[in-house]
Structure formats: structure tokens, C-alpha cells
$ cat structure_30.cif   # mmCIF, C-alpha atoms
data_entry
loop_
_atom_site.label_atom_id
_atom_site.label_comp_id
_atom_site.auth_asym_id
_atom_site.auth_seq_id
_atom_site.Cartn_x
_atom_site.Cartn_y
_atom_site.Cartn_z
CA MET T 212 -49.42 -68.05 2.36
CA ASP T 213 -47.48 -67.64 -0.89
CA ALA T 214 -48.15 -69.05 -4.36
CA LEU T 215 -46.14 -72.21 -3.67
CA ASP T 216 -48.19 -72.86 -0.54
CA ARG T 217 -51.38 -72.44 -2.57
CA VAL T 218 -50.20 -74.99 -5.14
CA LEU T 219 -49.43 -77.48 -2.37
CA LEU T 220 -52.70 -76.84 -0.54
CA ASP T 221 -54.65 -77.11 -3.78
CA GLY T 222 -52.88 -80.41 -4.48
CA ILE T 223 -53.79 -81.76 -1.04
CA GLN T 224 -57.42 -80.78 -1.55
CA LYS T 225 -57.60 -82.31 -5.04
CA GLY T 226 -55.63 -85.40 -4.12
CA PHE T 227 -52.86 -84.70 -6.63
CA ILE T 228 -50.30 -82.00 -7.22
CA ASP T 229 -49.93 -80.31 -10.60
CA SER T 230 -46.20 -80.88 -11.09
CA ASP T 231 -45.85 -78.24 -13.82
CA GLU T 232 -47.44 -75.59 -11.61
CA LEU T 233 -45.35 -76.72 -8.63
CA ILE T 234 -42.13 -76.51 -10.64
CA GLU T 235 -43.06 -73.07 -11.98
CA GLU T 236 -43.81 -71.67 -8.51
CA ALA T 237 -40.65 -73.25 -7.08
CA ARG T 238 -38.64 -71.66 -9.92
CA LYS T 239 -40.17 -68.24 -9.15
CA LEU T 240 -39.35 -68.63 -5.47
CA ASP T 241 -35.79 -69.69 -6.30
CA ASP T 242 -35.39 -66.69 -8.63
CA ASN T 243 -36.59 -64.38 -5.86
CA TYR T 244 -34.06 -65.83 -3.41
CA LYS T 245 -31.29 -65.49 -6.00
CA ASN T 246 -32.28 -61.89 -6.74
CA ASP T 247 -32.30 -61.06 -3.02
CA SER T 248 -28.85 -62.63 -2.64
CA LEU T 249 -27.59 -60.76 -5.68
CA ARG T 250 -29.06 -57.47 -4.48
CA HIS T 251 -27.45 -57.99 -1.07
CA ALA T 252 -24.07 -58.89 -2.59
CA VAL T 253 -24.04 -55.77 -4.78
CA GLN T 254 -25.65 -53.26 -2.40
CA GLY T 255 -24.34 -54.81 0.81
CA PRO T 256 -20.98 -53.02 0.82
CA TRP T 257 -22.62 -49.62 0.37
CA ASP T 258 -25.22 -50.45 3.03
CA ALA T 259 -22.44 -51.45 5.44
CA TYR T 260 -20.69 -48.15 4.75
CA ARG T 261 -23.76 -45.91 5.08
CA ASP T 262 -25.66 -47.67 7.83
CA SER T 263 -22.89 -48.27 10.34
CA PHE T 264 -20.51 -46.51 12.66
CA ASP T 265 -18.36 -49.64 12.76
CA ASP T 266 -14.73 -49.59 11.75
CA ASN T 267 -15.46 -51.72 8.68
CA MET T 268 -13.48 -50.07 5.90
CA ASP T 269 -11.69 -53.29 4.90
CA GLU T 270 -15.00 -55.19 4.77
CA VAL T 271 -16.61 -52.48 2.62
CA CYS T 272 -13.62 -52.36 0.27
CA LYS T 273 -13.52 -56.15 -0.11
CA GLY T 274 -17.28 -56.17 -0.73
CA LEU T 275 -17.02 -53.56 -3.50
CA ILE T 276 -14.17 -55.44 -5.16
CA HIS T 277 -16.10 -58.71 -4.93
CA ALA T 278 -19.32 -57.18 -6.29
CA VAL T 279 -17.67 -55.75 -9.40
CA LYS T 280 -15.63 -58.89 -10.09
CA THR T 281 -18.41 -61.40 -9.42
CA TYR T 282 -21.47 -59.53 -10.70
CA PRO T 283 -20.30 -57.29 -13.56
CA ASP T 284 -23.72 -57.47 -15.24
CA HIS T 285 -25.27 -55.95 -12.12
CA THR T 286 -22.71 -53.24 -11.44
CA PRO T 287 -23.47 -50.36 -13.79
CA ILE T 288 -20.88 -47.78 -14.64
CA ASN T 289 -21.99 -45.37 -11.92
CA TYR T 290 -21.54 -48.17 -9.35
CA VAL T 291 -18.05 -48.88 -10.66
CA ASP T 292 -17.25 -45.17 -10.70
CA GLY T 293 -18.30 -44.83 -7.06
CA ALA T 294 -16.39 -47.96 -6.04
CA ILE T 295 -13.18 -46.78 -7.71
CA MET T 296 -13.40 -43.30 -6.17
CA PHE T 297 -14.16 -44.79 -2.74
CA LEU T 298 -11.22 -47.19 -2.92
CA LYS T 299 -8.88 -44.37 -3.91
CA ARG T 300 -10.11 -42.18 -1.04
CA MET T 301 -9.49 -45.07 1.34
CA GLY T 302 -5.86 -45.24 0.19
CA LYS T 303 -6.29 -48.37 -1.93
CA PRO T 304 -5.28 -47.30 -5.46
CA ALA T 305 -4.16 -50.82 -6.41
CA ASP T 306 -7.60 -52.18 -5.49
CA ALA T 307 -9.23 -49.35 -7.45
CA GLN T 308 -7.15 -50.30 -10.48
CA GLN T 309 -8.10 -53.96 -10.02
CA VAL T 310 -11.81 -53.02 -9.99
CA LEU T 311 -11.29 -51.01 -13.18
CA ASP T 312 -9.41 -53.86 -14.86
CA ASP T 313 -11.97 -56.48 -13.77
CA TRP T 314 -14.87 -54.38 -15.01
CA LEU T 315 -13.21 -53.67 -18.37
CA GLU T 316 -12.37 -57.36 -18.82
CA ALA T 317 -15.91 -58.45 -17.96
CA ASN T 318 -17.32 -55.99 -20.49
CA LYS T 319 -14.80 -56.43 -23.29
CA ASP T 320 -17.40 -57.88 -25.68
CA GLN T 321 -19.91 -55.07 -25.25
CA PRO T 322 -20.89 -53.05 -28.32
CA ARG T 323 -19.35 -49.65 -28.92
CA GLY T 324 -22.41 -47.79 -27.62
CA PHE T 325 -21.89 -49.35 -24.20
CA TYR T 326 -18.79 -47.17 -23.83
CA ASP T 327 -20.44 -43.93 -24.99
CA ILE T 328 -20.47 -42.02 -21.72
CA ARG T 329 -21.72 -38.89 -23.46
CA SER T 330 -25.16 -40.41 -24.00
CA GLY T 331 -25.69 -41.63 -20.42
CA GLY T 332 -27.74 -39.78 -17.85
CA PHE T 333 -24.73 -39.36 -15.58
CA SER T 334 -21.10 -38.41 -15.81
CA VAL T 335 -18.12 -40.51 -14.91
CA GLN T 336 -16.18 -38.72 -12.19
CA ASP T 337 -13.07 -40.86 -11.82
CA PRO T 338 -10.46 -39.73 -14.38
CA ASP T 339 -8.92 -43.21 -14.79
CA LEU T 340 -12.31 -44.80 -15.48
CA ARG T 341 -13.27 -41.96 -17.84
CA THR T 342 -9.99 -42.36 -19.76
CA ALA T 343 -10.33 -46.15 -19.97
CA ILE T 344 -13.91 -45.92 -21.23
CA THR T 345 -13.04 -43.21 -23.74
CA ASN T 346 -10.09 -45.27 -25.00
CA ARG T 347 -12.28 -48.35 -25.33
CA TYR T 348 -14.91 -46.32 -27.21
CA ASN T 349 -12.35 -44.75 -29.57
CA SER T 350 -10.48 -47.99 -30.26
CA TYR T 351 -13.57 -50.14 -30.79
CA SER T 352 -13.25 -52.41 -33.79
CA ASP T 353 -16.54 -53.67 -35.17
CA THR T 354 -15.95 -57.12 -36.63
CA ARG T 355 -19.56 -57.88 -37.50
CA ASP T 356 -20.30 -58.99 -41.04
CA ARG T 357 -21.43 -55.85 -42.88
CA ALA T 358 -23.91 -57.69 -45.06
CA GLU T 359 -25.49 -59.35 -42.03
CA VAL T 360 -25.88 -55.93 -40.39
CA LEU T 361 -27.51 -54.56 -43.53
CA PHE T 362 -29.85 -57.56 -43.76
CA LYS T 363 -30.75 -57.20 -40.10
CA ILE T 364 -31.63 -53.53 -40.64
CA ALA T 365 -33.84 -54.51 -43.56
CA LYS T 366 -35.50 -57.28 -41.56
CA ASP T 367 -35.99 -55.35 -38.31
CA HIS T 368 -36.64 -51.91 -39.86
CA GLY T 369 -34.28 -50.39 -37.33
CA TRP T 370 -30.64 -49.62 -36.64
CA ASN T 371 -28.35 -48.13 -34.04
CA GLU T 372 -25.21 -46.00 -33.92
CA GLU T 373 -22.93 -49.03 -34.26
CA ASP T 374 -24.74 -50.13 -37.43
CA ILE T 375 -24.39 -46.68 -38.98
CA ALA T 376 -20.69 -46.45 -38.06
CA LEU T 377 -19.98 -49.87 -39.57
CA LEU T 378 -21.95 -49.31 -42.77
CA SER T 379 -20.46 -45.85 -43.31
CA LYS T 380 -17.20 -47.64 -44.17
CA VAL T 381 -18.77 -49.77 -46.93
CA THR T 382 -17.73 -48.87 -50.48
CA PRO T 383 -20.30 -48.50 -53.27
CA HIS T 384 -19.05 -51.73 -54.84
CA GLU T 385 -19.47 -53.60 -51.53
CA PHE T 386 -23.02 -52.27 -51.26
CA TYR T 387 -23.70 -53.47 -54.79
CA GLU T 388 -22.48 -56.97 -53.89
CA MET T 389 -24.56 -56.98 -50.69
CA PHE T 390 -27.71 -55.94 -52.56
CA LYS T 391 -27.11 -58.72 -55.07
CA ARG T 392 -26.90 -61.18 -52.14
CA LEU T 393 -30.01 -59.70 -50.57
CA ARG T 394 -31.92 -60.06 -53.83
CA ALA T 395 -30.77 -63.66 -54.18
CA LEU T 396 -31.91 -64.39 -50.63
CA SER T 397 -35.30 -62.74 -51.11
CA CYS T 398 -35.89 -64.55 -54.41
CA GLY T 399 -35.21 -67.84 -52.69
CA ARG T 400 -38.11 -67.42 -50.24
#

$ encode --input "structure_30.cif" --output "C-alpha cells"
Amino acid sequence: MDALDRVLLDGIQKGFIDSDELIEEARKLDDNYKNDSLRHAVQGPWDAYRDSFDDNMDEVCKGLIHAVKTYPDHTPINYVDGAIMFLKRMGKPADAQQVLDDWLEANKDQPRGFYDIRSGGFSVQDPDLRTAITNRYNSYSDTRDRAEVLFKIAKDHGWNEEDIALLSKVTPHEFYEMFKRLRALSCGR
């Protein structure tokens, strides 16, 4: 008996069902099903490759391509690296390039630190992926409002590498203007 069953049984015993509790348990169950489906969609191609003696190369390749294109938030860089190398070894360089392009497009709005492969706990093996990530890291253009970043640092008492890189380009006069704005904002509280 799971939590949803308990809510239903409790409702039968009491003569009424707590709709908020029922909805919450149904949502949890739905999330679990979605997570299982997602996990299967992302890990399924690798499972089919490792756990089978079948001649299923095309199925595995299609599954890897689908996983990266459809679930980019759930395919970390080491997954993408493995998929690209696998596709190349299977004689599918065009598919490998498509995976690389899809992943880069899906992650185009990530902050600069996302592309810092030096700070990760793994290394990118595929040279094309490594080059693309390095190029994205080096060409990153931070368009955030500098004053907003400074105010956020003051409010949160914390910063990151992107904040430092952006604020290192601020001139003394721009800092002066930002501090005047900050003072005006704090006086208005």
C-alpha cells in the first residue's frame, strides 16, 4: 500500500476524502512516474548497449541522439562526451556533430561558469566537444546589468566567478555612479 492508497483508505474510513492530500499524493506519484520515464529515456540507450548481445547499434545511437536533444537538462557534459565519442566510433560523425550542436543550442543561455571544464571533476575526452566548450567559454559575453550584479552581491553577501569577471571591467566612475544609486535605494527603504 502506498501513500495514495492510504489517503483513499483513510477517506473511506472517515466518510470523506481530503482533496488537498489526495492531490498532493497524486502529484508525487505522477512526479515519480515522470522521473522513471525520464531516467529510462536518458539511461535506456546505455543500458541497451551494455546489457545486450543484440545487434542494436542503430537503436542505441538513435536513443543517445534523442536523449541529448529531448532532455538537455538531464544529460550532463560527461554524458554528451560519451555519446559523441560512441557515435564517432560507430561511424556516425554527422550524428555526433548533431548531438554536439543540439547540446550547445540547448545550453546557449547558461552562465560562463557552465562552460569551465577546468573546474569540473572530470575531463572532456572528445576534441570537438572540448574545443566547442572552450570557444563558448572564451567568447562568453556577459550582458547582465553591472549595477544589478553589484546590488545582488551586497544583498546576498556572495558572488561567483562571473560576477567578478563582469565587475572587473567597471571603471571607477561607473562604480561611483552605482554607489550613488545604491545609496539612493537604501535611503528610500

$ atom_distance --input "structure_30.cif" --atom1 "CA of Gly274 in chain T" --atom2 "CA of Ala252 in chain T"
7.5 Å

$ residues_around --input "structure_30.cif" --residues "Phe386 in chain T" --least-positions-apart "4" --cutoff "10 Å" --atoms "all atoms listed in the file" --output "PyMOL selection string"
chain T and resi 357-358+361+378+381-382+390-392

$ residues_around --input "structure_30.cif" --residues "Ile295 in chain T" --least-positions-apart "6" --cutoff "10 Å" --atoms "all atoms listed in the file" --output "list in words"
Cys272, Leu275, Ile276, Asn289, Met301, Lys303, Pro304, Ala305, Asp306, Ala307, Gln308, Gln309, Val310, Leu311, Gln336, Asp337, Asp339 and Leu340 of chain T

$ closest_residue --input "structure_30.cif" --among "T:Asp266, T:Asp241, T:Asp221, T:Glu316" --to "Lys280 in chain T" --atoms "only C-alpha atoms"
T:Glu316

$ atom_distance --input "structure_30.cif" --atom1 "CA of Thr286 in chain T" --atom2 "CA of Gln254 in chain T"
9.5 Å

$ closest_residue --input "structure_30.cif" --among "T:Glu236, T:Leu377, T:Met389, T:Leu249" --to "Phe362 in chain T" --atoms "all atoms listed in the file"
T:Met389

$ atom_distance --input "structure_30.cif" --atom1 "CA of Ala278 in chain T" --atom2 "CA of Val253 in chain T"
5.2 Å

$ closest_residue --input "structure_30.cif" --among "T:Phe264, T:Met296, T:Glu270, T:Glu373" --to "Gln321 in chain T" --atoms "all atoms listed in the file"
T:Glu373

$ residues_around --input "structure_30.cif" --residues "Tyr326 in chain T" --least-positions-apart "5" --cutoff "10 Å" --atoms "all atoms listed in the file" --output "list in words"
Ile288, Asn318, Gln321, Gly331, Arg341, Ala343, Ile344, Thr345, Asn346, Arg347, Tyr348, Asn349 and Tyr351 of chain T

$ closest_residue --input "structure_30.cif" --among "T:Ile375, T:Ile328, T:Ala317, T:Ile223" --to "Asp284 in chain T" --atoms "all atoms listed in the file"
T:Ala317

$ closest_residue --input "structure_30.cif" --among "T:Pro256, T:Asp269, T:Arg323, T:Asp216" --to "Glu232 in chain T" --atoms "all atoms listed in the file"
T:Asp216

$ decode --input "structure_30.cif" --residues "range 253-395 of chain T" --atoms "C-alpha atoms" --output "PDB file, in the first residue's frame"
ATOM      1  CA  VAL T 253      18.285   9.037 -20.728  1.00  0.00           C
ATOM      2  CA  GLN T 254      19.875   5.832 -19.419  1.00  0.00           C
ATOM      3  CA  GLY T 255      17.991   3.446 -21.700  1.00  0.00           C
ATOM      4  CA  PRO T 256      20.371   3.710 -24.661  1.00  0.00           C
ATOM      5  CA  TRP T 257      23.394   2.947 -22.491  1.00  0.00           C
ATOM      6  CA  ASP T 258      21.541   0.091 -20.785  1.00  0.00           C
ATOM      7  CA  ALA T 259      20.640  -1.361 -24.193  1.00  0.00           C
ATOM      8  CA  TYR T 260      24.293  -1.152 -25.215  1.00  0.00           C
ATOM      9  CA  ARG T 261      25.756  -2.659 -22.036  1.00  0.00           C
ATOM     10  CA  ASP T 262      23.126  -5.233 -21.161  1.00  0.00           C
ATOM     11  CA  SER T 263      22.586  -6.872 -24.523  1.00  0.00           C
ATOM     12  CA  PHE T 264      24.269  -9.007 -27.123  1.00  0.00           C
ATOM     13  CA  ASP T 265      21.674  -7.883 -29.664  1.00  0.00           C
ATOM     14  CA  ASP T 266      22.650  -6.169 -32.880  1.00  0.00           C
ATOM     15  CA  ASN T 267      21.095  -2.902 -31.719  1.00  0.00           C
ATOM     16  CA  MET T 268      23.645  -0.258 -32.685  1.00  0.00           C
ATOM     17  CA  ASP T 269      21.117   1.854 -34.612  1.00  0.00           C
ATOM     18  CA  GLU T 270      18.666   1.758 -31.692  1.00  0.00           C
ATOM     19  CA  VAL T 271      21.385   2.784 -29.221  1.00  0.00           C
ATOM     20  CA  CYS T 272      22.581   5.608 -31.474  1.00  0.00           C
ATOM     21  CA  LYS T 273      19.046   6.922 -32.021  1.00  0.00           C
ATOM     22  CA  GLY T 274      18.413   6.722 -28.275  1.00  0.00           C
ATOM     23  CA  LEU T 275      21.534   8.754 -27.455  1.00  0.00           C
ATOM     24  CA  ILE T 276      20.644  11.388 -30.038  1.00  0.00           C
ATOM     25  CA  HIS T 277      17.074  11.566 -28.721  1.00  0.00           C
ATOM     26  CA  ALA T 278      18.180  11.802 -25.079  1.00  0.00           C
ATOM     27  CA  VAL T 279      20.517  14.743 -25.674  1.00  0.00           C
ATOM     28  CA  LYS T 280      18.055  16.596 -27.913  1.00  0.00           C
ATOM     29  CA  THR T 281      14.964  15.998 -25.775  1.00  0.00           C
ATOM     30  CA  TYR T 282      16.412  16.109 -22.254  1.00  0.00           C
ATOM     31  CA  PRO T 283      19.377  18.503 -22.344  1.00  0.00           C
ATOM     32  CA  ASP T 284      18.875  19.423 -18.673  1.00  0.00           C
ATOM     33  CA  HIS T 285      19.375  15.773 -17.750  1.00  0.00           C
ATOM     34  CA  THR T 286      22.340  14.996 -19.972  1.00  0.00           C
ATOM     35  CA  PRO T 287      25.439  16.350 -18.242  1.00  0.00           C
ATOM     36  CA  ILE T 288      28.596  17.062 -20.134  1.00  0.00           C
ATOM     37  CA  ASN T 289      30.125  13.657 -19.400  1.00  0.00           C
ATOM     38  CA  TYR T 290      27.006  12.008 -20.885  1.00  0.00           C
ATOM     39  CA  VAL T 291      27.286  14.161 -24.001  1.00  0.00           C
ATOM     40  CA  ASP T 292      31.009  13.447 -24.217  1.00  0.00           C
ATOM     41  CA  GLY T 293      30.373   9.703 -24.076  1.00  0.00           C
ATOM     42  CA  ALA T 294      27.549   9.906 -26.611  1.00  0.00           C
ATOM     43  CA  ILE T 295      29.661  11.863 -29.090  1.00  0.00           C
ATOM     44  CA  MET T 296      32.629   9.504 -28.765  1.00  0.00           C
ATOM     45  CA  PHE T 297      30.353   6.467 -29.112  1.00  0.00           C
ATOM     46  CA  LEU T 298      28.673   7.843 -32.226  1.00  0.00           C
ATOM     47  CA  LYS T 299      32.043   8.578 -33.814  1.00  0.00           C
ATOM     48  CA  ARG T 300      33.308   5.067 -33.029  1.00  0.00           C
ATOM     49  CA  MET T 301      30.171   3.659 -34.636  1.00  0.00           C
ATOM     50  CA  GLY T 302      30.958   5.545 -37.850  1.00  0.00           C
ATOM     51  CA  LYS T 303      28.320   8.235 -37.365  1.00  0.00           C
ATOM     52  CA  PRO T 304      30.269  11.521 -37.294  1.00  0.00           C
ATOM     53  CA  ALA T 305      27.312  13.528 -38.640  1.00  0.00           C
ATOM     54  CA  ASP T 306      25.134  12.267 -35.770  1.00  0.00           C
ATOM     55  CA  ALA T 307      27.927  13.089 -33.316  1.00  0.00           C
ATOM     56  CA  GLN T 308      28.057  16.626 -34.688  1.00  0.00           C
ATOM     57  CA  GLN T 309      24.268  16.885 -34.421  1.00  0.00           C
ATOM     58  CA  VAL T 310      24.428  15.856 -30.741  1.00  0.00           C
ATOM     59  CA  LEU T 311      27.110  18.483 -30.146  1.00  0.00           C
ATOM     60  CA  ASP T 312      25.097  21.172 -31.946  1.00  0.00           C
ATOM     61  CA  ASP T 313      21.849  20.249 -30.149  1.00  0.00           C
ATOM     62  CA  TRP T 314      23.542  20.302 -26.749  1.00  0.00           C
ATOM     63  CA  LEU T 315      25.246  23.646 -27.403  1.00  0.00           C
ATOM     64  CA  GLU T 316      21.973  25.162 -28.630  1.00  0.00           C
ATOM     65  CA  ALA T 317      20.049  23.876 -25.613  1.00  0.00           C
ATOM     66  CA  ASN T 318      22.646  25.365 -23.270  1.00  0.00           C
ATOM     67  CA  LYS T 319      23.300  28.656 -25.054  1.00  0.00           C
ATOM     68  CA  ASP T 320      21.887  30.723 -22.176  1.00  0.00           C
ATOM     69  CA  GLN T 321      23.986  29.097 -19.470  1.00  0.00           C
ATOM     70  CA  PRO T 322      26.362  31.305 -17.468  1.00  0.00           C
ATOM     71  CA  ARG T 323      30.053  31.354 -18.308  1.00  0.00           C
ATOM     72  CA  GLY T 324      30.957  29.018 -15.434  1.00  0.00           C
ATOM     73  CA  PHE T 325      28.860  26.279 -17.014  1.00  0.00           C
ATOM     74  CA  TYR T 326      31.494  26.045 -19.749  1.00  0.00           C
ATOM     75  CA  ASP T 327      34.500  25.995 -17.414  1.00  0.00           C
ATOM     76  CA  ILE T 328      35.656  22.421 -17.928  1.00  0.00           C
ATOM     77  CA  ARG T 329      38.762  23.036 -15.838  1.00  0.00           C
ATOM     78  CA  SER T 330      36.732  23.196 -12.630  1.00  0.00           C
ATOM     79  CA  GLY T 331      34.727  20.005 -13.191  1.00  0.00           C
ATOM     80  CA  GLY T 332      35.559  16.687 -11.603  1.00  0.00           C
ATOM     81  CA  PHE T 333      36.088  15.064 -14.990  1.00  0.00           C
ATOM     82  CA  SER T 334      37.776  15.809 -18.268  1.00  0.00           C
ATOM     83  CA  VAL T 335      36.165  16.101 -21.652  1.00  0.00           C
ATOM     84  CA  GLN T 336      37.707  13.492 -23.934  1.00  0.00           C
ATOM     85  CA  ASP T 337      36.204  14.323 -27.314  1.00  0.00           C
ATOM     86  CA  PRO T 338      38.324  17.008 -29.010  1.00  0.00           C
ATOM     87  CA  ASP T 339      35.386  18.573 -30.882  1.00  0.00           C
ATOM     88  CA  LEU T 340      33.332  18.912 -27.703  1.00  0.00           C
ATOM     89  CA  ARG T 341      36.343  20.248 -25.778  1.00  0.00           C
ATOM     90  CA  THR T 342      37.012  22.842 -28.495  1.00  0.00           C
ATOM     91  CA  ALA T 343      33.352  23.906 -28.670  1.00  0.00           C
ATOM     92  CA  ILE T 344      33.121  24.294 -24.896  1.00  0.00           C
ATOM     93  CA  THR T 345      36.410  26.189 -24.710  1.00  0.00           C
ATOM     94  CA  ASN T 346      35.282  28.502 -27.516  1.00  0.00           C
ATOM     95  CA  ARG T 347      31.959  29.118 -25.784  1.00  0.00           C
ATOM     96  CA  TYR T 348      33.774  29.838 -22.502  1.00  0.00           C
ATOM     97  CA  ASN T 349      36.268  32.223 -24.133  1.00  0.00           C
ATOM     98  CA  SER T 350      33.681  34.072 -26.221  1.00  0.00           C
ATOM     99  CA  TYR T 351      31.118  34.451 -23.443  1.00  0.00           C
ATOM    100  CA  SER T 352      29.624  37.921 -23.331  1.00  0.00           C
ATOM    101  CA  ASP T 353      28.048  38.847 -20.016  1.00  0.00           C
ATOM    102  CA  THR T 354      25.159  41.200 -20.715  1.00  0.00           C
ATOM    103  CA  ARG T 355      23.886  41.456 -17.160  1.00  0.00           C
ATOM    104  CA  ASP T 356      23.412  44.927 -15.718  1.00  0.00           C
ATOM    105  CA  ARG T 357      26.573  45.658 -13.729  1.00  0.00           C
ATOM    106  CA  ALA T 358      24.764  47.657 -11.074  1.00  0.00           C
ATOM    107  CA  GLU T 359      22.236  44.862 -10.558  1.00  0.00           C
ATOM    108  CA  VAL T 360      25.093  42.391 -10.102  1.00  0.00           C
ATOM    109  CA  LEU T 361      26.732  44.679  -7.551  1.00  0.00           C
ATOM    110  CA  PHE T 362      23.442  45.149  -5.694  1.00  0.00           C
ATOM    111  CA  LYS T 363      22.851  41.401  -5.691  1.00  0.00           C
ATOM    112  CA  ILE T 364      26.302  40.828  -4.189  1.00  0.00           C
ATOM    113  CA  ALA T 365      25.526  43.366  -1.477  1.00  0.00           C
ATOM    114  CA  LYS T 366      22.129  41.810  -0.790  1.00  0.00           C
ATOM    115  CA  ASP T 367      23.212  38.153  -0.854  1.00  0.00           C
ATOM    116  CA  HIS T 368      26.696  38.643   0.657  1.00  0.00           C
ATOM    117  CA  GLY T 369      28.106  36.361  -2.019  1.00  0.00           C
ATOM    118  CA  TRP T 370      29.419  36.284  -5.562  1.00  0.00           C
ATOM    119  CA  ASN T 371      30.770  33.939  -8.192  1.00  0.00           C
ATOM    120  CA  GLU T 372      33.416  33.957 -10.912  1.00  0.00           C
ATOM    121  CA  GLU T 373      31.035  35.503 -13.451  1.00  0.00           C
ATOM    122  CA  ASP T 374      30.274  38.389 -11.089  1.00  0.00           C
ATOM    123  CA  ILE T 375      33.970  39.085 -10.540  1.00  0.00           C
ATOM    124  CA  ALA T 376      34.734  38.931 -14.275  1.00  0.00           C
ATOM    125  CA  LEU T 377      31.906  41.351 -15.069  1.00  0.00           C
ATOM    126  CA  LEU T 378      32.709  43.829 -12.303  1.00  0.00           C
ATOM    127  CA  SER T 379      36.435  43.794 -13.100  1.00  0.00           C
ATOM    128  CA  LYS T 380      35.548  45.739 -16.260  1.00  0.00           C
ATOM    129  CA  VAL T 381      33.763  48.541 -14.381  1.00  0.00           C
ATOM    130  CA  THR T 382      35.559  51.896 -14.358  1.00  0.00           C
ATOM    131  CA  PRO T 383      35.980  53.910 -11.144  1.00  0.00           C
ATOM    132  CA  HIS T 384      33.452  56.450 -12.418  1.00  0.00           C
ATOM    133  CA  GLU T 385      30.896  53.695 -13.117  1.00  0.00           C
ATOM    134  CA  PHE T 386      31.411  52.367  -9.586  1.00  0.00           C
ATOM    135  CA  TYR T 387      30.850  55.864  -8.237  1.00  0.00           C
ATOM    136  CA  GLU T 388      27.558  56.127 -10.129  1.00  0.00           C
ATOM    137  CA  MET T 389      26.476  52.671  -8.941  1.00  0.00           C
ATOM    138  CA  PHE T 390      27.229  53.520  -5.307  1.00  0.00           C
ATOM    139  CA  LYS T 391      25.196  56.705  -5.656  1.00  0.00           C
ATOM    140  CA  ARG T 392      22.280  54.593  -6.951  1.00  0.00           C
ATOM    141  CA  LEU T 393      22.762  52.086  -4.152  1.00  0.00           C
ATOM    142  CA  ARG T 394      22.702  54.858  -1.554  1.00  0.00           C
ATOM    143  CA  ALA T 395      19.557  56.318  -3.098  1.00  0.00           C
TER     144      ALA T 395
END
